[in-house]
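**Q** One structure, as structure tokens, below. Some questions next.
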Amino acid sequence: MPVTDRPNILLAVFDALSKAALESYPGDLPALQALAAESRFFSNAYTPNPQAGPARASLFTGLDPFVHGVWTEGVALPDTEHTFPQRLAQAGYRTWLCGRRHLSGVSHWTTEPVRPYEYTHIEWAHGPVHRSRQNEYLKWLQAASPERYGAIFPLQPDPDDTTVPEDQYRAMATLDDELSFNHWAGQRLGSLITSHRGAEPFLGIAGFVVGDALGAQSRHANSESLDHRALRQADSALSHLMDCLTASGHVDDTVVIVVAARGNHQEQHHASAPALAESQLGVPLFIRQPSGERKVVDQYVSTIDVAATVIELAQLSLPPRMQGVSLLKDGAERGWVLSRERTQSPGGQRLWHSALIIDDWKLVVTHGSAQSNAPTEYRLYNLGADKQETNDLAGESAYAAKLEDMIDKMIDARCALEDRTEPRIAKF
Amino acid sequence: MKKHQRPNILFICTDQQRGDSLQCTGAHWAVTPNIDRLASQGALFRHCYVQNPVCSPSRASLFTGKYVASHGLYANGVPLPAHQRLFTRTLADTGYDCGMIGKQHLSPCDSWQTEPRKDDGYRIFEWAHGPNHRALENEYHRWLRTAQPDIYAEIFPDRGANENTEYGNRAKAGTPIDRVPKEAHYSHWVAERAIDFIAHPRRDNEPFCLVANFFDPHHPFGAPQEFRDLIDADAIPEPNTFAEELDNKPAPHRDYSEKSYSGTAPGFQEYSADEIREIRAQYWAMIALVDHEVGRILDALQQSGEADNTLVVFTSDHGEMLGNHQQLLKGPQLYDDLTRVPLIVRWPDVIEAGCHIDALVQWVDLPATLLEATGCAKGRGVQGESLLSLMEGKHKGWRQWAISEYRYSGFATDPLIMTTMLRYQHWKLIVWHGNPATGGVRDGELYNLAEDPGELNNLYHHPEFTDKRRFMKGKLLDVLAETEDHTEPQSRPW
């Protein structure tokens, strides 16, 4: 007998999947398409940061990257912050993660440390070629198919060698679907669902990997391309998870959320794609309530809002340290997104970009140095008329006033995302 | 740096003292011989900006070394978030004997609340939010009850609760406690306790760090008569304004002229010209008292034999409108009246005596400076830059900007007011934020400080300066990016 009516929550988190890539996928993705058709569907959802670490930290804390502190890749989420799995675990949820997590630096095959009381069960693996000793997928693969494992990962003389040879990628890419990373994540999470006997609700997270780096260093600057095969395998895994929910009788008390931490670049556009392009920032986001009611929400929303949504679904009160707003109420959406990238080129040169999307307009700033007179560069797009961002209006005198208006709004948006989470409890 | 012994730190901070209020910073009518002498023995910064124009957020930037957007104490009445680290903690952890005397204000103090201790590293915490603050833990009142029982009994006859928590704010002129003889005054108490702290016996090579925080020259505008007698009111210029000034300023400027503190305290318009002249005289009388007491502290330091190995800082947390621009007290205005403060640093043998520094520096730089001077790592979270190389004349390419951010930091209004100041070279942009930051009407101010140092002529809407305004907004975007918190270490490339 359930002691509460709190729903179970199944969350599929894709590492790098743009909304555009999902929509233009050449072929069927039956599970994703079925879910999307039965969901509260956000047609304009964006990540606050195009880098994986900051984006995931925001997704899991509900805070802007410059509030939770993970301002660039390889920074660990500070211990003082709380993820929503931590909050749900404390509230009595069973919390499970199978697959990728990425809330701290994992290069050089580094194992992510666990956070206190976050997951009651975790099967962590950063990706199929990530050679941490704690990679649960590789342990499983080695047991499931020693021959294939041995063929892909011959004994490496230097365990610290972090290059991934092309043939390793190729071998991974030709692995049977049933031995794939996303299949494994779906199987493991599915078995947790079907074997769940307690009265407590569960939060099950599948950390899918569809970016073409497969858990190694990206071969492109600050983004990944879509591995089509991996996406199809993830779709099958989602299908399996829905079957598990049905078979175990949980489908009517489980909310399913699909989201990507960040977008990706289309393969052919890598060289030329400008910073903070729509494909990098725009992500799929949909929420299937047990009723299966379809509702399209066009307002701009941020993945920062997912944590608040999960916390509301779990019937917890929103913690003060939360910048996101629940996505379940019509008209409560923030209506704008500020996304910022603070990284550097391989040569150590600053690559700092900011993008504001509001009222069908998009401003992208390439920051100059505050120190010198180095110019700040702008790109301005009318997304309403030019979804492909082909027509940069920033240099046109007819749009000078519009450009300044967008700069004003970006200044205000940055102001809106500053850390003012500590409650004001007195006048002075 | 020539020194190898770790210096003592004597950090003297006043409250609400304008940058131009000392004789050495241009106020020829000021009676500030001791502070002027301190400046002549060290470095005098002519352009030091605070990160916020009101107490708590500004002080949080001082103690954490972080900008207001990052430390989380965005308004008076907000406690400093528990995870923020104070630089005094770092000094204590590395062997310093630390103490704080006077007002601190890193937590709400309204309703006579006692400010709780932080993880601050102090051995001594002799706290008193102000001379009228009726917390039982007000150490000044405890001292006064013993040192001057008659004065205490006369001014504070009741022993029960006094709910009039904004008593001092609402007073148009000084309250009785502001006018007591200097021997009974809050500023005297700060000096007495600081002198005692300096003389405290310590182990060999155990340096100290004392934060001595005066409440003066914060309003109410009242001072002991003997210091008022030192001030020639006729020598003080009339307030910096002209009759139509507010016509070309953002609309809220008029509200803050009529009433101060978002309508809760008397405004400039409620004072006669004579009353304004008198409160300006009282302001400099308070400064004369502070100067007298600072002189006693510096004498005690000299007598202790530690002066040559002590880095002394004199500064203030923000300014005071003082009738300029037809306004009083403080609020969302980001004129130099509020954002520029005195900053003097004396460190014998390291900093050249009498050097004047014109570079734009910020309060957020002070913790980094003190940590470098004491041989500590800058540590986690500290955003400012050390001023030592600047003071030693070695720094090239110091930043050419300063920022100050008001986030409904004073008394709140509906809609909430947020303003941001960017000083870049000799230009100043002030943004009055609108949607999506707040429901307020977006507006702005633009000043050419080279030609208009008094900030009387707002060029923001002037067609001739459209390009300059847009340039400054772009610069602000870059500075806002620069001042984001990038202090969490990148332990892995990804």
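Scheme for the structure tokens: letters A, B, ... for chains in order shown; per-chain residue numbers from 1; ligand numbers from 1 in order shown.
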Can you check which residues of region 266-363 of chain B DSSP gives as strand (DSSP E) on the backbone and send them as a ChimeraX atom specification?
**A** /B:266,310-316,340-346,355-357,361-362
**Q** Limited to N, CA and C atoms, could you put the picked residues into a file as a PDB file, in the first residue's frame?
**A**
```pdb
ATOM      1  N   PRO B 266      13.318  61.162   6.819  1.00  0.00           N
ATOM      2  CA  PRO B 266      13.148  62.518   6.287  1.00  0.00           C
ATOM      3  C   PRO B 266      13.962  62.728   5.023  1.00  0.00           C
ATOM      4  N   THR B 310      53.196  47.318  10.959  1.00  0.00           N
ATOM      5  CA  THR B 310      51.742  47.229  10.901  1.00  0.00           C
ATOM      6  C   THR B 310      51.245  47.885   9.615  1.00  0.00           C
ATOM      7  N   LEU B 311      50.425  47.151   8.918  1.00  0.00           N
ATOM      8  CA  LEU B 311      49.758  47.698   7.735  1.00  0.00           C
ATOM      9  C   LEU B 311      48.448  48.317   8.220  1.00  0.00           C
ATOM     10  N   VAL B 312      48.351  49.639   8.073  1.00  0.00           N
ATOM     11  CA  VAL B 312      47.152  50.345   8.537  1.00  0.00           C
ATOM     12  C   VAL B 312      46.293  50.718   7.326  1.00  0.00           C
ATOM     13  N   VAL B 313      45.009  50.425   7.420  1.00  0.00           N
ATOM     14  CA  VAL B 313      44.059  50.824   6.380  1.00  0.00           C
ATOM     15  C   VAL B 313      43.051  51.778   7.010  1.00  0.00           C
ATOM     16  N   PHE B 314      42.766  52.871   6.325  1.00  0.00           N
ATOM     17  CA  PHE B 314      41.645  53.720   6.733  1.00  0.00           C
ATOM     18  C   PHE B 314      40.691  53.836   5.545  1.00  0.00           C
ATOM     19  N   THR B 315      39.422  53.515   5.775  1.00  0.00           N
ATOM     20  CA  THR B 315      38.453  53.548   4.674  1.00  0.00           C
ATOM     21  C   THR B 315      37.045  53.667   5.239  1.00  0.00           C
ATOM     22  N   SER B 316      36.051  53.582   4.379  1.00  0.00           N
ATOM     23  CA  SER B 316      34.656  53.654   4.804  1.00  0.00           C
ATOM     24  C   SER B 316      33.793  52.809   3.882  1.00  0.00           C
ATOM     25  N   ARG B 340      32.129  56.431  -3.865  1.00  0.00           N
ATOM     26  CA  ARG B 340      33.569  56.681  -3.693  1.00  0.00           C
ATOM     27  C   ARG B 340      33.871  56.917  -2.228  1.00  0.00           C
ATOM     28  N   VAL B 341      34.864  56.221  -1.741  1.00  0.00           N
ATOM     29  CA  VAL B 341      35.183  56.286  -0.310  1.00  0.00           C
ATOM     30  C   VAL B 341      36.658  56.619  -0.125  1.00  0.00           C
ATOM     31  N   PRO B 342      37.013  57.071   1.082  1.00  0.00           N
ATOM     32  CA  PRO B 342      38.433  57.272   1.358  1.00  0.00           C
ATOM     33  C   PRO B 342      39.150  55.922   1.393  1.00  0.00           C
ATOM     34  N   LEU B 343      40.375  55.889   0.940  1.00  0.00           N
ATOM     35  CA  LEU B 343      41.204  54.691   1.143  1.00  0.00           C
ATOM     36  C   LEU B 343      42.654  55.131   1.309  1.00  0.00           C
ATOM     37  N   ILE B 344      43.177  54.834   2.482  1.00  0.00           N
ATOM     38  CA  ILE B 344      44.569  55.136   2.805  1.00  0.00           C
ATOM     39  C   ILE B 344      45.200  53.847   3.301  1.00  0.00           C
ATOM     40  N   VAL B 345      46.386  53.545   2.809  1.00  0.00           N
ATOM     41  CA  VAL B 345      47.102  52.355   3.271  1.00  0.00           C
ATOM     42  C   VAL B 345      48.519  52.767   3.665  1.00  0.00           C
ATOM     43  N   ARG B 346      48.869  52.523   4.895  1.00  0.00           N
ATOM     44  CA  ARG B 346      50.229  52.828   5.361  1.00  0.00           C
ATOM     45  C   ARG B 346      50.932  51.531   5.754  1.00  0.00           C
ATOM     46  N   CYS B 355      52.482  58.710  -1.432  1.00  0.00           N
ATOM     47  CA  CYS B 355      52.135  58.467  -2.838  1.00  0.00           C
ATOM     48  C   CYS B 355      50.627  58.574  -3.037  1.00  0.00           C
ATOM     49  N   HIS B 356      50.288  59.178  -4.141  1.00  0.00           N
ATOM     50  CA  HIS B 356      48.882  59.327  -4.507  1.00  0.00           C
ATOM     51  C   HIS B 356      48.591  58.409  -5.681  1.00  0.00           C
ATOM     52  N   ILE B 357      47.526  57.650  -5.590  1.00  0.00           N
ATOM     53  CA  ILE B 357      47.221  56.668  -6.635  1.00  0.00           C
ATOM     54  C   ILE B 357      45.890  57.017  -7.284  1.00  0.00           C
ATOM     55  N   VAL B 361      40.308  51.714  -8.155  1.00  0.00           N
ATOM     56  CA  VAL B 361      40.377  50.506  -7.339  1.00  0.00           C
ATOM     57  C   VAL B 361      39.032  50.305  -6.656  1.00  0.00           C
ATOM     58  N   GLN B 362      38.858  49.108  -6.091  1.00  0.00           N
ATOM     59  CA  GLN B 362      37.554  48.754  -5.535  1.00  0.00           C
ATOM     60  C   GLN B 362      37.731  48.135  -4.155  1.00  0.00           C
TER      61      GLN B 362
END
```
**Q** Using only C-alpha atoms, which protein or nucleic acid residues come within 9 Å of region 271-281 of chain B? Drop anything in the same chain fewer than 4 positions from it, and give the result as JSON, numbers by chain.
**A** {"B": [172, 173, 174, 220, 221, 222, 228, 231, 232, 233, 234, 236, 237, 238, 239, 266, 267, 285, 286, 322, 323]}
**Q** With a distance cut-off of 8 Å and only C-alpha atoms, select the neighbouring residues of Val431 (chain B), excluding the residue or stretch itself and same-chain residues fewer than 3 positions from it, and output the selection as an mmCIF file with N, CA, C and O atoms, in the first residue's frame.
**A**
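File selection_17.cif, as written:
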```
data_model
loop_
_atom_site.group_PDB
_atom_site.id
_atom_site.type_symbol
_atom_site.label_atom_id
_atom_site.label_comp_id
_atom_site.auth_asym_id
_atom_site.auth_seq_id
_atom_site.Cartn_x
_atom_site.Cartn_y
_atom_site.Cartn_z
ATOM 1 N N THR B 419 20.065 49.123 -9.579
ATOM 2 C CA THR B 419 20.894 50.012 -10.389
ATOM 3 C C THR B 419 22.307 49.455 -10.449
ATOM 4 O O THR B 419 22.753 48.763 -9.529
ATOM 5 N N THR B 420 22.976 49.752 -11.547
ATOM 6 C CA THR B 420 24.360 49.297 -11.716
ATOM 7 C C THR B 420 25.192 50.452 -12.245
ATOM 8 O O THR B 420 24.795 51.113 -13.210
ATOM 9 N N MET B 421 26.328 50.679 -11.592
ATOM 10 C CA MET B 421 27.252 51.724 -12.022
ATOM 11 C C MET B 421 28.481 51.115 -12.663
ATOM 12 O O MET B 421 29.073 50.207 -12.111
ATOM 13 N N ARG B 442 13.086 51.057 -17.217
ATOM 14 C CA ARG B 442 14.512 51.134 -17.522
ATOM 15 C C ARG B 442 14.878 52.572 -17.873
ATOM 16 O O ARG B 442 14.186 53.243 -18.636
ATOM 17 N N ASP B 443 15.979 53.032 -17.303
ATOM 18 C CA ASP B 443 16.454 54.377 -17.615
ATOM 19 C C ASP B 443 17.951 54.387 -17.335
ATOM 20 O O ASP B 443 18.531 53.338 -17.012
ATOM 21 N N GLY B 444 18.562 55.536 -17.464
ATOM 22 C CA GLY B 444 20.000 55.547 -17.254
ATOM 23 C C GLY B 444 20.568 56.923 -17.018
ATOM 24 O O GLY B 444 19.892 57.945 -17.157
ATOM 25 N N GLU B 445 21.832 56.917 -16.649
ATOM 26 C CA GLU B 445 22.590 58.147 -16.473
ATOM 27 C C GLU B 445 23.946 57.952 -17.129
ATOM 28 O O GLU B 445 24.497 56.848 -17.102
#
```
**Q** Taking only C-alpha atoms into account, what are the residues of chain A at most 6 Å from chain B, put as a PyMOL selection string?
**A** chain A and resi 66+69+73-75+105+107+367+370-371+412-413+415-416+418-420+424-428
**Q** In region 77-243 of chain A, what's helix (DSSP H, G or I) per DSSP? Answer as a PyMOL selection string?
**A** chain A and resi 84-90+107-109+136-144+146-152+166-173+177-179+181-194+228-243
**Q** Hey, what's within 9 Å of region 397-404 of chain A if we count only C-alpha atoms and toss same-chain stuff fewer than 3 positions away? As a PyMOL selection string, please?
**A** (chain A and resi 363+378-380+393-394+407-409) or (chain B and resi 470+473)
**Q** Grab the residues selected above and save them as an mmCIF file, in the first residue's frame with all heavy atoms.
**A**
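Full text of result-v5.cif as output:
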```cif
data_model
loop_
_atom_site.group_PDB
_atom_site.id
_atom_site.type_symbol
_atom_site.label_atom_id
_atom_site.label_comp_id
_atom_site.auth_asym_id
_atom_site.auth_seq_id
_atom_site.Cartn_x
_atom_site.Cartn_y
_atom_site.Cartn_z
ATOM 1 N N LEU A 363 20.264 37.818 -29.205
ATOM 2 C CA LEU A 363 21.512 38.575 -29.235
ATOM 3 C C LEU A 363 22.634 37.660 -28.770
ATOM 4 O O LEU A 363 22.510 36.999 -27.733
ATOM 5 C CB LEU A 363 21.421 39.780 -28.287
ATOM 6 C CG LEU A 363 22.729 40.548 -28.054
ATOM 7 C CD1 LEU A 363 23.188 41.262 -29.314
ATOM 8 C CD2 LEU A 363 22.572 41.543 -26.894
ATOM 9 N N TYR A 378 28.843 41.715 -31.641
ATOM 10 C CA TYR A 378 27.439 41.327 -31.507
ATOM 11 C C TYR A 378 26.956 40.583 -32.746
ATOM 12 O O TYR A 378 27.382 40.865 -33.864
ATOM 13 C CB TYR A 378 26.548 42.565 -31.340
ATOM 14 C CG TYR A 378 26.936 43.471 -30.200
ATOM 15 C CD1 TYR A 378 27.507 44.713 -30.441
ATOM 16 C CD2 TYR A 378 26.722 43.069 -28.888
ATOM 17 C CE1 TYR A 378 27.857 45.545 -29.383
ATOM 18 C CE2 TYR A 378 27.074 43.895 -27.828
ATOM 19 C CZ TYR A 378 27.637 45.130 -28.084
ATOM 20 O OH TYR A 378 27.983 45.946 -27.051
ATOM 21 N N ARG A 379 26.029 39.661 -32.513
ATOM 22 C CA ARG A 379 25.224 39.110 -33.602
ATOM 23 C C ARG A 379 23.763 39.222 -33.154
ATOM 24 O O ARG A 379 23.452 38.955 -31.993
ATOM 25 C CB ARG A 379 25.584 37.646 -33.861
ATOM 26 C CG ARG A 379 26.940 37.482 -34.570
ATOM 27 C CD ARG A 379 27.216 36.018 -34.896
ATOM 28 N NE ARG A 379 27.609 35.279 -33.725
ATOM 29 C CZ ARG A 379 27.049 34.145 -33.307
ATOM 30 N NH1 ARG A 379 26.029 33.624 -33.991
ATOM 31 N NH2 ARG A 379 27.452 33.534 -32.226
ATOM 32 N N LEU A 380 22.927 39.616 -34.078
ATOM 33 C CA LEU A 380 21.517 39.852 -33.749
ATOM 34 C C LEU A 380 20.648 39.123 -34.767
ATOM 35 O O LEU A 380 20.826 39.289 -35.976
ATOM 36 C CB LEU A 380 21.228 41.360 -33.777
ATOM 37 C CG LEU A 380 19.796 41.791 -33.459
ATOM 38 C CD1 LEU A 380 19.458 41.509 -31.994
ATOM 39 C CD2 LEU A 380 19.600 43.267 -33.784
ATOM 40 N N LEU A 393 21.714 40.834 -38.103
ATOM 41 C CA LEU A 393 21.272 42.213 -38.285
ATOM 42 C C LEU A 393 22.062 43.209 -37.449
ATOM 43 O O LEU A 393 21.765 44.402 -37.461
ATOM 44 C CB LEU A 393 19.780 42.318 -37.913
ATOM 45 C CG LEU A 393 18.843 41.366 -38.664
ATOM 46 C CD1 LEU A 393 17.444 41.380 -38.047
ATOM 47 C CD2 LEU A 393 18.786 41.740 -40.147
ATOM 48 N N ALA A 394 23.073 42.712 -36.719
ATOM 49 C CA ALA A 394 23.737 43.589 -35.746
ATOM 50 C C ALA A 394 24.410 44.785 -36.399
ATOM 51 O O ALA A 394 24.480 45.858 -35.805
ATOM 52 C CB ALA A 394 24.755 42.797 -34.931
ATOM 53 N N ILE A 407 20.724 44.679 -25.857
ATOM 54 C CA ILE A 407 21.846 44.813 -24.907
ATOM 55 C C ILE A 407 21.296 45.196 -23.529
ATOM 56 O O ILE A 407 21.689 44.636 -22.503
ATOM 57 C CB ILE A 407 22.856 45.849 -25.428
ATOM 58 C CG1 ILE A 407 23.573 45.306 -26.668
ATOM 59 C CG2 ILE A 407 23.881 46.203 -24.341
ATOM 60 C CD1 ILE A 407 24.416 46.351 -27.395
ATOM 61 N N ASP A 408 20.362 46.156 -23.515
ATOM 62 C CA ASP A 408 19.721 46.523 -22.245
ATOM 63 C C ASP A 408 19.114 45.293 -21.575
ATOM 64 O O ASP A 408 19.273 45.078 -20.379
ATOM 65 C CB ASP A 408 18.588 47.541 -22.497
ATOM 66 C CG ASP A 408 19.112 48.939 -22.790
ATOM 67 O OD1 ASP A 408 20.240 49.250 -22.370
ATOM 68 O OD2 ASP A 408 18.380 49.717 -23.437
ATOM 69 N N LYS A 409 18.406 44.513 -22.371
ATOM 70 C CA LYS A 409 17.720 43.357 -21.792
ATOM 71 C C LYS A 409 18.719 42.298 -21.323
ATOM 72 O O LYS A 409 18.473 41.590 -20.347
ATOM 73 C CB LYS A 409 16.731 42.764 -22.800
ATOM 74 C CG LYS A 409 15.476 43.619 -22.938
ATOM 75 C CD LYS A 409 14.591 43.144 -24.060
ATOM 76 C CE LYS A 409 13.310 43.993 -24.106
ATOM 77 N NZ LYS A 409 12.646 43.891 -25.414
ATOM 78 N N ARG B 470 26.074 53.639 -26.023
ATOM 79 C CA ARG B 470 26.082 52.241 -26.494
ATOM 80 C C ARG B 470 27.427 51.586 -26.232
ATOM 81 O O ARG B 470 27.494 50.410 -25.849
ATOM 82 C CB ARG B 470 25.722 52.196 -27.983
ATOM 83 C CG ARG B 470 24.249 52.536 -28.205
ATOM 84 C CD ARG B 470 23.877 52.624 -29.673
ATOM 85 N NE ARG B 470 22.438 52.917 -29.786
ATOM 86 C CZ ARG B 470 21.849 53.295 -30.906
ATOM 87 N NH1 ARG B 470 22.557 53.420 -32.022
ATOM 88 N NH2 ARG B 470 20.562 53.537 -30.929
ATOM 89 N N LYS B 473 27.507 50.586 -22.638
ATOM 90 C CA LYS B 473 26.681 49.401 -22.352
ATOM 91 C C LYS B 473 27.412 48.116 -22.761
ATOM 92 O O LYS B 473 27.343 47.101 -22.054
ATOM 93 C CB LYS B 473 25.336 49.512 -23.064
ATOM 94 C CG LYS B 473 24.406 50.510 -22.408
ATOM 95 C CD LYS B 473 23.089 50.645 -23.172
ATOM 96 C CE LYS B 473 22.164 51.630 -22.451
ATOM 97 N NZ LYS B 473 20.890 51.822 -23.199
#
```
**Q** Calculated over only C-alpha atoms, which of the candidates A:Val283, A:Leu155, A:Leu88, A:Val114 has the smallest distance to Ser43 (chain A)?
**A** A:Val283
**Q** Between A:Gln33, A:Leu356, A:Leu10, A:Gly92, single out the one closest to Met410 (chain A), counting only C-alpha atoms.
**A** A:Leu356
**Q** Would you please work out which residue, of A:His220, A:Asn44, A:Pro201, A:Leu226, is nearest to Asp359 (chain A) when using only C-alpha atoms?
**A**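 Closest to Asp359 (chain A) of all the choices is A:Asn44.
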**Q** State, in Å with one decimal place, the distance from CA of Ala21 (chain A) to CA of Leu179 (chain A).
**A**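 CA of Ala21 (chain A) sits 24.4 Å away from CA of Leu179 (chain A).
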**Q** What's the 9 Å shell around Pro284 (chain A), counting only C-alpha atoms, without same-chain residues fewer than 3 positions away, as a list in words?
**A**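 Close residues of Pro284 (chain A): Leu17, Ser18, Lys19, Ala20, Leu22, Phe41, Phe42, Ser43, Asn44, Ala45, Tyr46, Val258, Val259, Ala260 and Gly263 of chain A.
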**Q** For all heavy atoms, I'd like the residues from the last selection saved as a compact mmCIF listing (two decimals), in the first residue's frame.
**A**
```
# COMPACT_ATOMS: atom_id res chain seq x y z
N LEU A 17 22.10 16.69 -27.09
CA LEU A 17 21.09 16.40 -28.10
C LEU A 17 20.28 17.67 -28.34
O LEU A 17 19.59 18.15 -27.45
CB LEU A 17 20.16 15.28 -27.61
CG LEU A 17 18.97 14.93 -28.51
CD1 LEU A 17 19.44 14.41 -29.86
CD2 LEU A 17 18.08 13.89 -27.82
N SER A 18 20.42 18.23 -29.52
CA SER A 18 19.66 19.44 -29.79
C SER A 18 18.24 19.08 -30.21
O SER A 18 17.99 17.98 -30.73
CB SER A 18 20.34 20.28 -30.87
OG SER A 18 20.21 19.64 -32.12
N LYS A 19 17.35 20.02 -29.97
CA LYS A 19 15.97 19.83 -30.38
C LYS A 19 15.90 19.64 -31.89
O LYS A 19 15.18 18.78 -32.40
CB LYS A 19 15.16 21.05 -29.94
CG LYS A 19 13.71 21.00 -30.30
CD LYS A 19 12.98 22.14 -29.62
CE LYS A 19 11.58 22.30 -30.18
NZ LYS A 19 11.58 22.86 -31.54
N ALA A 20 16.73 20.41 -32.60
CA ALA A 20 16.71 20.33 -34.07
C ALA A 20 17.19 18.96 -34.54
O ALA A 20 16.61 18.37 -35.47
CB ALA A 20 17.59 21.44 -34.65
N LEU A 22 17.01 16.16 -32.96
CA LEU A 22 15.99 15.17 -32.65
C LEU A 22 14.87 15.22 -33.69
O LEU A 22 14.39 14.19 -34.17
CB LEU A 22 15.43 15.43 -31.24
CG LEU A 22 14.37 14.45 -30.74
CD1 LEU A 22 14.91 13.04 -30.71
CD2 LEU A 22 13.88 14.87 -29.36
N PHE A 41 4.87 19.69 -23.79
CA PHE A 41 6.00 19.71 -24.72
C PHE A 41 6.50 21.15 -24.86
O PHE A 41 5.75 22.05 -25.25
CB PHE A 41 5.53 19.17 -26.07
CG PHE A 41 6.61 19.10 -27.12
CD1 PHE A 41 7.37 17.94 -27.26
CD2 PHE A 41 6.88 20.19 -27.95
CE1 PHE A 41 8.37 17.88 -28.23
CE2 PHE A 41 7.88 20.12 -28.89
CZ PHE A 41 8.63 18.97 -29.04
N PHE A 42 7.74 21.36 -24.54
CA PHE A 42 8.31 22.72 -24.57
C PHE A 42 9.06 22.91 -25.88
O PHE A 42 10.10 22.30 -26.11
CB PHE A 42 9.23 22.93 -23.37
CG PHE A 42 8.47 22.88 -22.08
CD1 PHE A 42 8.27 21.67 -21.41
CD2 PHE A 42 7.89 24.03 -21.56
CE1 PHE A 42 7.52 21.62 -20.25
CE2 PHE A 42 7.14 23.98 -20.40
CZ PHE A 42 6.96 22.77 -19.74
N SER A 43 8.50 23.75 -26.73
CA SER A 43 9.09 23.90 -28.05
C SER A 43 10.23 24.91 -28.06
O SER A 43 10.94 25.04 -29.06
CB SER A 43 8.03 24.30 -29.07
OG SER A 43 7.23 25.35 -28.58
N ASN A 44 10.43 25.62 -26.94
CA ASN A 44 11.55 26.56 -26.87
C ASN A 44 12.27 26.42 -25.53
O ASN A 44 12.22 27.31 -24.68
CB ASN A 44 11.06 28.00 -27.05
CG ASN A 44 10.68 28.28 -28.50
OD1 ASN A 44 11.52 28.18 -29.39
ND2 ASN A 44 9.41 28.60 -28.73
N ALA A 45 12.93 25.29 -25.36
CA ALA A 45 13.69 25.04 -24.13
C ALA A 45 15.18 25.20 -24.44
O ALA A 45 15.66 24.73 -25.47
CB ALA A 45 13.40 23.65 -23.59
N TYR A 46 15.89 25.83 -23.52
CA TYR A 46 17.31 26.14 -23.76
C TYR A 46 18.14 25.81 -22.53
O TYR A 46 17.67 25.84 -21.39
CB TYR A 46 17.47 27.64 -24.06
CG TYR A 46 16.93 28.04 -25.40
CD1 TYR A 46 15.60 28.44 -25.54
CD2 TYR A 46 17.75 28.02 -26.53
CE1 TYR A 46 15.10 28.81 -26.78
CE2 TYR A 46 17.25 28.39 -27.77
CZ TYR A 46 15.93 28.79 -27.89
OH TYR A 46 15.44 29.16 -29.11
N VAL A 258 11.79 13.97 -20.24
CA VAL A 258 12.89 13.80 -21.18
C VAL A 258 13.55 15.16 -21.39
O VAL A 258 12.86 16.15 -21.67
CB VAL A 258 12.40 13.24 -22.53
CG1 VAL A 258 13.54 13.19 -23.56
CG2 VAL A 258 11.78 11.86 -22.34
N VAL A 259 14.85 15.21 -21.24
CA VAL A 259 15.55 16.48 -21.39
C VAL A 259 16.99 16.20 -21.83
O VAL A 259 17.53 15.12 -21.59
CB VAL A 259 15.54 17.28 -20.07
CG1 VAL A 259 16.36 16.61 -18.99
CG2 VAL A 259 16.00 18.73 -20.28
N ALA A 260 17.59 17.16 -22.50
CA ALA A 260 19.02 17.08 -22.78
C ALA A 260 19.72 18.21 -22.05
O ALA A 260 19.18 19.31 -21.93
CB ALA A 260 19.29 17.19 -24.29
N GLY A 263 22.75 21.06 -26.31
CA GLY A 263 22.53 20.64 -27.69
C GLY A 263 23.78 20.04 -28.31
O GLY A 263 24.71 19.64 -27.62
```
**Q** Find the residues around region 132-145 of chain B up to 10 Å (only C-alpha atoms counted), leave out those fewer than 3 positions away in its own chain, and share them as JSON, numbers by chain.
**A** {"B": [101, 102, 103, 109, 110, 111, 112, 113, 114, 115, 125, 126, 127, 128, 129, 148, 149, 150, 151, 152, 153, 155, 156, 159, 160, 161, 162, 163, 164, 165, 166, 167, 168, 175, 176, 177, 178, 183, 184, 185, 186, 187, 188, 189, 190, 193, 220]}
**Q** Please indicate the distance in Å from CA of Asp365 (chain B) to CA of Glu385 (chain B), rounded to one decimal place.
**A** 4.9 Å
**Q** Suppose you want the space between CA of Gln327 (chain B) and CA of Phe268 (chain B); what is it in Å?
**A**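 So the two atoms, CA of Gln327 (chain B) and CA of Phe268 (chain B), lie 5.1 Å apart.
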**Q** Here is a test: counting only C-alpha atoms, which residue of B:Leu388, B:Val180, B:Leu289, B:Ala402 is nearest to Val31 (chain B)?
**A**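 Selected residue with least distance to Val31 (chain B): B:Leu289.
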**Q** Fewer than 6 positions away in the same chain doesn't count, so skip those; otherwise give me all residues within 8 Å of region 240-243 of chain A, counting only C-alpha atoms, as a compact mmCIF listing (two decimals) with N, CA and C atoms, in the first residue's frame.
**A**
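The new file around.txt reads:
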```
# COMPACT_ATOMS: atom_id res chain seq x y z
N GLY A 186 19.35 1.36 -19.76
CA GLY A 186 17.92 1.06 -19.73
C GLY A 186 17.64 -0.25 -19.00
N GLN A 187 18.46 -1.26 -19.28
CA GLN A 187 18.26 -2.55 -18.62
C GLN A 187 18.42 -2.42 -17.11
N LEU A 189 18.26 0.27 -15.14
CA LEU A 189 17.21 1.09 -14.50
C LEU A 189 15.88 0.34 -14.54
N GLY A 190 15.63 -0.36 -15.66
CA GLY A 190 14.39 -1.14 -15.78
C GLY A 190 14.30 -2.21 -14.71
N VAL A 251 2.92 2.67 -14.40
CA VAL A 251 2.81 3.65 -15.47
C VAL A 251 1.80 4.75 -15.14
```
